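I have placed the structure first, in the form of structure tokens, so that the comments after it can refer back to it.
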Amino acid sequence: MKLMTAKKFSDSTAKALKSKEPLIIIRKDEVAGIFFPIPLETIPFEFKKELFLTLTESIRKRLKAKGMKEEEVLEDFEKFKKTRSRR
């Protein structure tokens with residue numbers, strides 16, 4: 001298990017998330033969070049399904065609260081795809 005400051009975690013998130021061992025994130029001398037890496041294939045299907053449903057419902061509620069329609073989101077996504085830099 002590794003200790004990492006919140007600043008260091010923020011500065012190197014991509015690298016930190018590739019860690020194979022748990023990380024304890026420290027902010028102001030207190031535990032801000034713990035990251036336990038879990039290979040996606042080990043997560044049960046029912047949990048993935050429940051997580052997907054929960055996240056999509058949350059997104060739906062936020063879009064509705066902002067008065068956005070599905071068509072607007074799709075248009076924004078298409079614009080984003082056209083303007084993003086190719087890797």
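Naming works like this for the structure tokens: A, B, ... for the chains as they're shown, residue 1 at the start of each chain, ligands 1 onward in shown order.
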
Spatial neighbours of Arg27 (chain A), max dist 10 Å, only C-alpha atoms, sep filter under 6 positions, as a ChimeraX atom specification: /A:4-7,33

Close residues, Phe9 (chain A) itself excluded, 12 Å, only C-alpha atoms, min 4 positions apart in chain, as a list in words: Lys2, Leu3, Met4, Thr5, Thr13, Ala14, Lys15, Ala16, Leu17, Lys18, Ser19, Leu23, Ile24, Ile25, Ile26, Arg27, Ala32, Gly33, Ile34 and Phe35 of chain A

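By only C-alpha atoms, and with residues fewer than 2 positions from region 39-42 of chain A along its chain excluded, the set lying at most 12 Å from it is Leu17, Lys18, Ser19, Lys20, Glu21, Phe36, Pro37, Pro44, Phe45, Glu46, Phe47 and Lys48 of chain A.
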
Selection file, C-alpha atoms, as a PDB file, in the first residue's frame:
```pdb
ATOM      1  CA  LEU A  17      -4.638   4.985 -11.414  1.00  0.00           C
ATOM      2  CA  LYS A  18      -2.453   2.435 -13.201  1.00  0.00           C
ATOM      3  CA  SER A  19      -1.060   1.349  -9.844  1.00  0.00           C
ATOM      4  CA  LYS A  20      -1.478  -2.314  -9.029  1.00  0.00           C
ATOM      5  CA  GLU A  21      -1.415  -1.677  -5.291  1.00  0.00           C
ATOM      6  CA  PHE A  36      -8.248   0.006  -4.564  1.00  0.00           C
ATOM      7  CA  PRO A  37      -7.428  -1.076  -8.114  1.00  0.00           C
ATOM      8  CA  PRO A  44     -19.666  -9.050 -11.144  1.00  0.00           C
ATOM      9  CA  PHE A  45     -22.006  -8.361 -14.067  1.00  0.00           C
ATOM     10  CA  GLU A  46     -24.925  -7.431 -11.772  1.00  0.00           C
ATOM     11  CA  PHE A  47     -22.785  -4.793 -10.059  1.00  0.00           C
ATOM     12  CA  LYS A  48     -21.698  -3.331 -13.426  1.00  0.00           C
TER      13      LYS A  48
END
```

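Our summary of the geometry notes that CA of Lys82 (chain A) is positioned 28.7 Å from CA of Ser10 (chain A).
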
Members of chain A assigned helix (DSSP H, G or I) by DSSP, as a PyMOL selection string: chain A and resi 6-11+13-17+40-42+45-65+70-83

Output C-alpha atoms of each residue in that selection to a file, as an mmCIF file, in the first residue's frame.
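Generated output (result_38.cif):
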```
data_model
loop_
_atom_site.group_PDB
_atom_site.id
_atom_site.type_symbol
_atom_site.label_atom_id
_atom_site.label_comp_id
_atom_site.auth_asym_id
_atom_site.auth_seq_id
_atom_site.Cartn_x
_atom_site.Cartn_y
_atom_site.Cartn_z
ATOM 1 C CA ALA A 6 -3.577 14.810 -2.815
ATOM 2 C CA LYS A 7 -1.331 17.213 -4.751
ATOM 3 C CA LYS A 8 0.825 14.408 -6.111
ATOM 4 C CA PHE A 9 -2.285 12.336 -6.910
ATOM 5 C CA SER A 10 -3.763 15.306 -8.764
ATOM 6 C CA ASP A 11 -0.535 15.960 -10.673
ATOM 7 C CA THR A 13 -3.626 10.874 -11.733
ATOM 8 C CA ALA A 14 -3.212 8.742 -14.863
ATOM 9 C CA LYS A 15 -0.044 7.154 -13.507
ATOM 10 C CA ALA A 16 -1.537 6.705 -10.040
ATOM 11 C CA LEU A 17 -4.638 4.985 -11.414
ATOM 12 C CA LEU A 40 -12.749 -4.817 -14.641
ATOM 13 C CA GLU A 41 -13.191 -8.501 -15.427
ATOM 14 C CA THR A 42 -13.410 -9.341 -11.713
ATOM 15 C CA PHE A 45 -22.006 -8.361 -14.067
ATOM 16 C CA GLU A 46 -24.925 -7.431 -11.772
ATOM 17 C CA PHE A 47 -22.785 -4.793 -10.059
ATOM 18 C CA LYS A 48 -21.698 -3.331 -13.426
ATOM 19 C CA LYS A 49 -25.339 -3.286 -14.547
ATOM 20 C CA GLU A 50 -26.497 -1.545 -11.355
ATOM 21 C CA LEU A 51 -23.673 0.981 -11.618
ATOM 22 C CA PHE A 52 -24.577 1.708 -15.256
ATOM 23 C CA LEU A 53 -28.254 2.193 -14.409
ATOM 24 C CA THR A 54 -27.441 4.449 -11.460
ATOM 25 C CA LEU A 55 -25.052 6.612 -13.476
ATOM 26 C CA THR A 56 -27.366 6.953 -16.464
ATOM 27 C CA GLU A 57 -30.288 7.906 -14.224
ATOM 28 C CA SER A 58 -28.133 10.528 -12.522
ATOM 29 C CA ILE A 59 -27.105 11.961 -15.894
ATOM 30 C CA ARG A 60 -30.725 11.939 -17.081
ATOM 31 C CA LYS A 61 -31.835 13.905 -14.015
ATOM 32 C CA ARG A 62 -29.050 16.475 -14.434
ATOM 33 C CA LEU A 63 -29.844 17.000 -18.108
ATOM 34 C CA LYS A 64 -33.542 17.341 -17.341
ATOM 35 C CA ALA A 65 -32.812 19.890 -14.598
ATOM 36 C CA GLU A 70 -30.994 14.158 -26.000
ATOM 37 C CA GLU A 71 -30.631 15.707 -29.456
ATOM 38 C CA GLU A 72 -28.656 18.636 -28.001
ATOM 39 C CA VAL A 73 -26.272 16.286 -26.227
ATOM 40 C CA LEU A 74 -25.718 14.280 -29.406
ATOM 41 C CA GLU A 75 -25.096 17.480 -31.407
ATOM 42 C CA ASP A 76 -22.565 18.670 -28.824
ATOM 43 C CA PHE A 77 -20.837 15.297 -28.928
ATOM 44 C CA GLU A 78 -20.601 15.373 -32.732
ATOM 45 C CA LYS A 79 -19.116 18.892 -32.595
ATOM 46 C CA PHE A 80 -16.611 17.725 -30.000
ATOM 47 C CA LYS A 81 -15.567 14.732 -32.128
ATOM 48 C CA LYS A 82 -14.937 17.002 -35.127
ATOM 49 C CA THR A 83 -12.837 19.530 -33.191
#
```

Filtered DSSP result for chain A, state strand (DSSP E or B), as a ChimeraX atom specification: /A:2-5,23-27,30-35

Just write the chosen residues, C-alpha atoms, as a CSV table (one decimal), in the first residue's frame.
```csv
chain,number,residue,atom,x,y,z
A,2,LYS,CA,1.3,3.4,-1.0
A,3,LEU,CA,0.8,6.8,0.6
A,4,MET,CA,0.3,9.8,-1.8
A,5,THR,CA,-0.5,13.4,-1.2
A,23,LEU,CA,-3.2,4.0,-2.6
A,24,ILE,CA,-4.0,6.1,0.4
A,25,ILE,CA,-4.5,9.7,-0.6
A,26,ILE,CA,-3.5,12.2,2.1
A,27,ARG,CA,-4.7,15.8,2.3
A,30,GLU,CA,-5.7,13.4,7.0
A,31,VAL,CA,-6.9,10.5,4.8
A,32,ALA,CA,-8.8,12.0,1.8
A,33,GLY,CA,-9.5,8.7,0.1
A,34,ILE,CA,-8.4,5.2,-0.6
A,35,PHE,CA,-8.0,3.8,-4.1
```
